[in-house]
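Novice: For reference, this is run13.cif, and it has mmCIF, C-alpha atoms.
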data_input
loop_
_atom_site.group_PDB
_atom_site.id
_atom_site.type_symbol
_atom_site.label_atom_id
_atom_site.label_comp_id
_atom_site.auth_asym_id
_atom_site.auth_seq_id
_atom_site.Cartn_x
_atom_site.Cartn_y
_atom_site.Cartn_z
ATOM 1 C CA MET A 1 156.658 90.542 36.382
ATOM 2 C CA ARG A 2 158.801 90.013 39.487
ATOM 3 C CA ALA A 3 156.620 92.443 41.489
ATOM 4 C CA LEU A 4 153.469 90.554 40.458
ATOM 5 C CA LEU A 5 155.012 87.241 41.533
ATOM 6 C CA VAL A 6 155.976 88.725 44.928
ATOM 7 C CA LEU A 7 152.424 90.034 45.404
ATOM 8 C CA LEU A 8 150.931 86.640 44.509
ATOM 9 C CA VAL A 9 153.240 84.801 46.914
ATOM 10 C CA ALA A 10 152.563 87.330 49.686
ATOM 11 C CA GLY A 11 148.813 87.006 49.130
ATOM 12 C CA CYS A 12 148.993 83.220 49.388
ATOM 13 C CA ALA A 13 151.099 83.383 52.542
ATOM 14 C CA THR A 14 148.500 85.470 54.424
ATOM 15 C CA ARG A 15 145.531 83.197 53.741
ATOM 16 C CA VAL A 16 144.626 80.943 56.652
ATOM 17 C CA GLY A 17 141.995 78.198 56.626
ATOM 18 C CA VAL A 18 140.069 76.662 53.775
ATOM 19 C CA GLY A 19 137.281 78.387 51.873
ATOM 20 C CA PRO A 20 135.213 81.425 52.769
ATOM 21 C CA ALA A 21 133.365 79.805 55.697
ATOM 22 C CA ILE A 22 136.544 78.944 57.594
ATOM 23 C CA ASP A 23 139.047 81.592 58.526
ATOM 24 C CA GLY A 24 141.163 79.918 61.213
ATOM 25 C CA THR A 25 141.696 83.236 63.009
ATOM 26 C CA THR A 26 141.919 81.708 66.470
ATOM 27 C CA ALA A 27 144.443 79.178 67.718
ATOM 28 C CA ALA A 28 142.839 75.734 67.670
ATOM 29 C CA PRO A 29 142.619 73.946 71.027
ATOM 30 C CA LYS A 30 145.667 71.724 71.444
ATOM 31 C CA ASP A 31 143.774 68.996 73.272
ATOM 32 C CA TYR A 32 141.102 68.501 70.589
ATOM 33 C CA PRO A 33 142.774 65.509 68.876
ATOM 34 C CA SER A 34 143.091 63.585 72.152
ATOM 35 C CA VAL A 35 139.502 64.354 73.218
ATOM 36 C CA PHE A 36 138.225 63.403 69.752
ATOM 37 C CA ASP A 37 140.173 60.119 69.806
ATOM 38 C CA ALA A 38 138.831 59.208 73.259
ATOM 39 C CA TRP A 39 135.199 59.625 72.175
ATOM 40 C CA THR A 40 135.588 58.096 68.672
ATOM 41 C CA GLN A 41 135.738 54.466 67.518
ATOM 42 C CA SER A 42 135.843 52.792 64.125
ATOM 43 C CA GLY A 43 135.131 49.365 62.737
ATOM 44 C CA ALA A 44 134.841 47.368 59.520
ATOM 45 C CA LEU A 45 132.480 44.678 58.319
ATOM 46 C CA HIS A 46 133.438 42.588 55.286
ATOM 47 C CA ASP A 47 131.766 39.860 53.252
ATOM 48 C CA GLY A 48 134.521 38.110 51.311
ATOM 49 C CA MET A 49 136.251 40.827 49.302
ATOM 50 C CA ALA A 50 133.345 43.293 49.590
ATOM 51 C CA THR A 51 133.379 46.031 52.211
ATOM 52 C CA VAL A 52 129.911 45.872 53.707
ATOM 53 C CA LEU A 53 130.477 48.748 56.121
ATOM 54 C CA LEU A 54 133.356 50.976 57.212
ATOM 55 C CA ALA A 55 131.988 52.998 60.106
ATOM 56 C CA LYS A 56 133.253 55.610 62.549
ATOM 57 C CA ALA A 57 131.242 56.829 65.524
ATOM 58 C CA THR A 58 131.851 59.787 67.818
ATOM 59 C CA LEU A 59 129.850 59.762 71.021
ATOM 60 C CA ILE A 60 129.199 63.381 71.964
ATOM 61 C CA GLY A 61 129.156 63.461 75.746
ATOM 62 C CA PRO A 62 129.579 66.810 77.550
ATOM 63 C CA PRO A 63 133.426 66.908 77.282
ATOM 64 C CA MET A 64 133.275 66.107 73.560
ATOM 65 C CA ALA A 65 130.508 68.688 73.018
ATOM 66 C CA ARG A 66 132.645 71.369 74.685
ATOM 67 C CA ALA A 67 135.685 70.352 72.613
ATOM 68 C CA LEU A 68 133.632 70.466 69.377
ATOM 69 C CA ASP A 69 132.334 73.926 70.254
ATOM 70 C CA ALA A 70 135.852 75.240 70.980
ATOM 71 C CA GLU A 71 137.211 73.714 67.765
ATOM 72 C CA ARG A 72 134.338 75.164 65.720
ATOM 73 C CA LYS A 73 134.986 78.625 67.188
ATOM 74 C CA ALA A 74 138.694 78.322 66.327
ATOM 75 C CA TRP A 75 137.883 77.777 62.655
ATOM 76 C CA MET A 76 134.849 80.021 62.195
ATOM 77 C CA GLU A 77 134.847 83.659 63.242
ATOM 78 C CA ASP A 78 131.048 83.843 63.526
ATOM 79 C CA ALA A 79 130.386 80.332 64.843
ATOM 80 C CA ASP A 80 127.157 79.989 66.776
ATOM 81 C CA PRO A 81 127.749 78.439 70.183
ATOM 82 C CA ALA A 82 126.474 74.894 70.510
ATOM 83 C CA GLN A 83 123.095 74.927 72.189
ATOM 84 C CA PRO A 84 122.353 72.183 74.711
ATOM 85 C CA ASP A 85 119.275 70.346 73.482
ATOM 86 C CA GLY A 86 118.416 68.393 76.622
ATOM 87 C CA ARG A 87 119.099 65.063 74.971
ATOM 88 C CA PRO A 88 121.434 62.862 76.975
ATOM 89 C CA TRP A 89 123.062 61.114 74.021
ATOM 90 C CA THR A 90 124.151 62.438 70.645
ATOM 91 C CA VAL A 91 126.314 60.488 68.243
ATOM 92 C CA ALA A 92 127.878 61.561 64.950
ATOM 93 C CA PHE A 93 128.742 58.651 62.716
ATOM 94 C CA SER A 94 130.052 58.208 59.216
ATOM 95 C CA ALA A 95 130.081 55.207 56.933
ATOM 96 C CA ALA A 96 131.204 53.988 53.547
ATOM 97 C CA SER A 97 130.308 50.764 51.752
ATOM 98 C CA ASP A 98 130.921 48.881 48.527
ATOM 99 C CA LEU A 99 127.183 48.117 48.510
ATOM 100 C CA ASP A 100 124.746 50.575 46.977
ATOM 101 C CA ASP A 101 122.122 50.418 49.745
ATOM 102 C CA LEU A 102 123.930 52.406 52.437
ATOM 103 C CA GLY A 103 121.344 54.319 54.428
ATOM 104 C CA ILE A 104 119.980 54.603 57.969
ATOM 105 C CA SER A 105 116.332 53.789 58.694
ATOM 106 C CA THR A 106 114.025 56.406 60.163
ATOM 107 C CA GLU A 107 110.302 56.227 60.934
ATOM 108 C CA LYS A 108 109.551 57.965 57.632
ATOM 109 C CA THR A 109 112.197 56.344 55.460
ATOM 110 C CA PRO A 110 113.121 52.671 55.699
ATOM 111 C CA ALA A 111 116.699 51.813 54.736
ATOM 112 C CA ALA A 112 119.138 48.911 54.902
ATOM 113 C CA TRP A 113 120.724 49.822 58.245
ATOM 114 C CA GLN A 114 119.169 50.399 61.662
ATOM 115 C CA ILE A 115 120.893 52.196 64.513
ATOM 116 C CA GLY A 116 120.266 51.590 68.198
ATOM 117 C CA MET A 117 121.796 52.452 71.553
ATOM 118 C CA LEU A 118 121.808 50.822 74.975
ATOM 119 C CA VAL A 119 123.120 52.296 78.221
ATOM 120 C CA ASP A 120 123.693 49.789 81.037
ATOM 121 C CA GLY A 121 121.449 47.363 79.178
ATOM 122 C CA SER A 122 118.532 49.818 78.852
ATOM 123 C CA ARG A 123 117.502 50.506 75.261
ATOM 124 C CA CYS A 124 117.460 54.209 74.426
ATOM 125 C CA THR A 125 114.766 55.824 72.301
ATOM 126 C CA LEU A 126 115.956 57.097 68.921
ATOM 127 C CA ILE A 127 114.614 60.656 68.749
ATOM 128 C CA ASP A 128 115.916 61.473 65.286
ATOM 129 C CA VAL A 129 118.659 60.668 62.827
ATOM 130 C CA GLY A 130 119.616 62.756 59.822
ATOM 131 C CA GLU A 131 122.326 62.852 57.209
ATOM 132 C CA THR A 132 124.571 65.901 57.333
ATOM 133 C CA LYS A 133 126.223 67.743 54.477
ATOM 134 C CA ILE A 134 129.975 67.260 54.663
ATOM 135 C CA THR A 135 131.821 70.570 54.315
ATOM 136 C CA ALA A 136 135.368 71.784 54.834
ATOM 137 C CA LEU A 137 134.427 72.560 58.445
ATOM 138 C CA THR A 138 133.086 69.016 58.921
ATOM 139 C CA HIS A 139 136.486 67.676 57.887
ATOM 140 C CA ARG A 140 138.127 69.941 60.485
ATOM 141 C CA LEU A 141 135.768 68.808 63.257
ATOM 142 C CA TYR A 142 135.873 65.121 62.242
ATOM 143 C CA PRO A 143 139.418 64.583 60.921
ATOM 144 C CA ASN A 144 138.823 60.846 60.409
ATOM 145 C CA LEU A 145 136.341 61.397 57.557
ATOM 146 C CA SER A 146 137.382 59.926 54.227
ATOM 147 C CA THR A 147 136.446 61.019 50.717
ATOM 148 C CA TRP A 148 133.897 58.190 50.493
ATOM 149 C CA ASP A 149 132.153 58.718 53.837
ATOM 150 C CA ARG A 150 128.600 59.876 54.396
ATOM 151 C CA GLN A 151 127.784 61.309 57.827
ATOM 152 C CA TRP A 152 124.709 61.235 60.068
ATOM 153 C CA VAL A 153 123.867 62.627 63.504
ATOM 154 C CA ALA A 154 121.498 60.759 65.828
ATOM 155 C CA HIS A 155 119.907 61.782 69.131
ATOM 156 C CA PHE A 156 118.770 59.293 71.772
ATOM 157 C CA SER A 157 116.920 59.714 75.062
ATOM 158 C CA GLY A 158 115.238 57.673 77.786
ATOM 159 C CA CYS A 159 118.360 56.044 79.214
ATOM 160 C CA PRO A 160 120.988 56.840 81.878
ATOM 161 C CA ALA A 161 123.401 59.755 81.347
ATOM 162 C CA THR A 162 126.450 57.620 82.272
ATOM 163 C CA GLY A 163 127.300 53.933 82.105
ATOM 164 C CA SER A 164 128.160 51.288 79.533
ATOM 165 C CA VAL A 165 127.108 52.744 76.183
ATOM 166 C CA GLU A 166 126.622 50.386 73.233
ATOM 167 C CA LEU A 167 125.951 51.761 69.748
ATOM 168 C CA GLN A 168 124.669 49.141 67.305
ATOM 169 C CA PHE A 169 124.355 49.031 63.525
ATOM 170 C CA THR A 170 122.319 46.110 62.183
ATOM 171 C CA SER A 171 121.104 45.008 58.763
ATOM 172 C CA ALA A 172 120.611 41.920 56.638
ATOM 173 C CA HIS A 173 124.308 42.304 55.739
ATOM 174 C CA GLY A 174 125.482 41.860 59.339
ATOM 175 C CA ALA A 175 125.965 43.841 62.531
ATOM 176 C CA MET A 176 128.549 46.126 64.072
ATOM 177 C CA GLU A 177 128.793 47.487 67.587
ATOM 178 C CA PHE A 178 130.805 50.180 69.341
ATOM 179 C CA GLY A 179 131.100 50.529 73.104
ATOM 180 C CA TRP A 180 132.198 53.172 75.606
ATOM 181 C CA GLU A 181 132.374 53.213 79.389
ATOM 182 C CA VAL A 182 131.212 56.713 80.292
ATOM 183 C CA THR A 183 131.635 58.073 83.817
ATOM 184 C CA ALA A 184 131.245 61.550 85.255
ATOM 185 C CA ASP A 185 135.034 61.908 84.935
ATOM 186 C CA GLY A 186 135.674 60.599 81.423
ATOM 187 C CA VAL A 187 135.344 57.876 78.840
ATOM 188 C CA ALA A 188 137.104 54.636 77.912
ATOM 189 C CA PRO A 189 136.415 51.974 75.283
ATOM 190 C CA MET A 190 134.405 48.979 76.455
ATOM 191 C CA ARG A 191 136.452 45.810 76.669
ATOM 192 C CA ARG A 192 133.808 43.633 75.095
ATOM 193 C CA SER A 193 130.206 44.063 74.029
ATOM 194 C CA ALA A 194 127.872 41.437 72.674
ATOM 195 C CA ILE A 195 125.426 42.161 69.860
ATOM 196 C CA ARG A 196 121.842 41.835 71.164
#
Would it be possible to restate this file's structure as structure tokens?
Specialist:
Amino acid sequence: MRALLVLLVAGCATRVGVGPAIDGTTAAPKDYPSVFDAWTQSGALHDGMATVLLAKATLIGPPMARALDAERKAWMEDADPAQPDGRPWTVAFSAASDLDDLGISTEKTPAAWQIGMLVDGSRCTLIDVGETKITALTHRLYPNLSTWDRQWVAHFSGCPATGSVELQFTSAHGAMEFGWEVTADGVAPMRRSAIR
């Protein structure tokens, strides 16, 4: 019995990572949390006691894309390298709500919430937006995800590659906006952005 217990404990001690898709065989980049925090913002919209929207948005500029790729490779032995898609702006965002109509509008499927982006006042074109399946790896790459969050990824084009970036969520329930000042050297939160 003692030998079996030792074997069980030893077996548990050698396992690294979570689940079969994640092995954690490589040391994770130490700077990932700080890069992720710099490119990520969160906000809340309430109506009385109801939570209309709890949202988190990660703008995926080139430094964030490189950090995501390195983090993915640290957790997955056979991770495919991220392929540049030629789109200047990608954003991953998650949301939770007390309301039952949480969804993002697309050309094919209308929903309660619309998403838009402006860079230096120029409206970007929404190329596509799609909901992603949240997995154990998703939680590693986006450590701010909660149990109640749903996640989407959107691609925008037709606007400058740097500048004042405003990401807007609008609906009949209200509006929320995130803002980043993106330069060739880095990113910082916008001091103040007005809903348009």
Novice: Could you tell me which residues the PyMOL selection byres ((chain A and resi 134-148) around 12) grabs in this file, written as JSON, numbers by chain?
Specialist: {"A": [17, 18, 19, 20, 21, 22, 23, 24, 28, 29, 32, 33, 34, 35, 36, 37, 39, 40, 41, 42, 53, 54, 55, 56, 57, 58, 59, 60, 64, 65, 67, 68, 69, 70, 71, 72, 73, 74, 75, 76, 79, 92, 93, 94, 95, 96, 97, 98, 102, 131, 132, 133, 149, 150, 151, 152, 153]}
Novice: Rank nothing, just name the residue among A:Ala184, A:Ala111, A:Ala50, A:Cys159 nearest to Ser171 of chain A, using all atoms listed in the file.
Specialist: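 Comparing A:Ala184, A:Ala111, A:Ala50, A:Cys159 against Ser171 of chain A, the winner is A:Ala111.
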Novice: Would you mind reading off the distance between atom CA of Leu45 of chain A and atom CA of Met176 of chain A, one decimal, in Å?
Specialist: 7.1 Å
Novice: Write out as a PyMOL selection string which residues come within 12 Å of Leu167 of chain A when counting only C-alpha atoms, dropping same-chain ones fewer than 3 positions away.
Specialist: chain A and resi 40-43+55-59+89-93+114-124+126+154-156+164+170+175-181+189-190+193-196
Novice: Let me know the residues the PyMOL selection byres ((chain A and resi 161) around 6) catches in the file above, as a list of chain:residue names.
Specialist: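 Output from the PyMOL selection byres ((chain A and resi 161) around 6), applied to this file: A:Pro88, A:Pro160, A:Thr162.
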Novice: Have a look at atom CA of Asp128 of chain A and atom CA of Gly61 of chain A and let me know their distance in Å, one decimal.
Specialist: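 Those two atoms sit 17.0 Å apart.
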Novice: Here is a test: counting only C-alpha atoms, which residue of A:Ala44, A:Ala188, A:Ile127, A:Val52 is nearest to Asp101 of chain A?
Specialist: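 Going through A:Ala44, A:Ala188, A:Ile127, A:Val52 one by one, the smallest distance to Asp101 of chain A is for A:Val52.
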Novice: If you measure from atom CA of Glu166 of chain A to atom CA of Met49 of chain A, what distance in Å do you get, rounded to one decimal?
Specialist: 27.5 Å
Novice: Could you check the closest approach to Phe169 of chain A for each of A:Ser105, A:Lys30, A:Pro62, A:Ser157 and tell me which residue wins, using only C-alpha atoms?
Specialist: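 The closest residue to Phe169 of chain A is A:Ser105.
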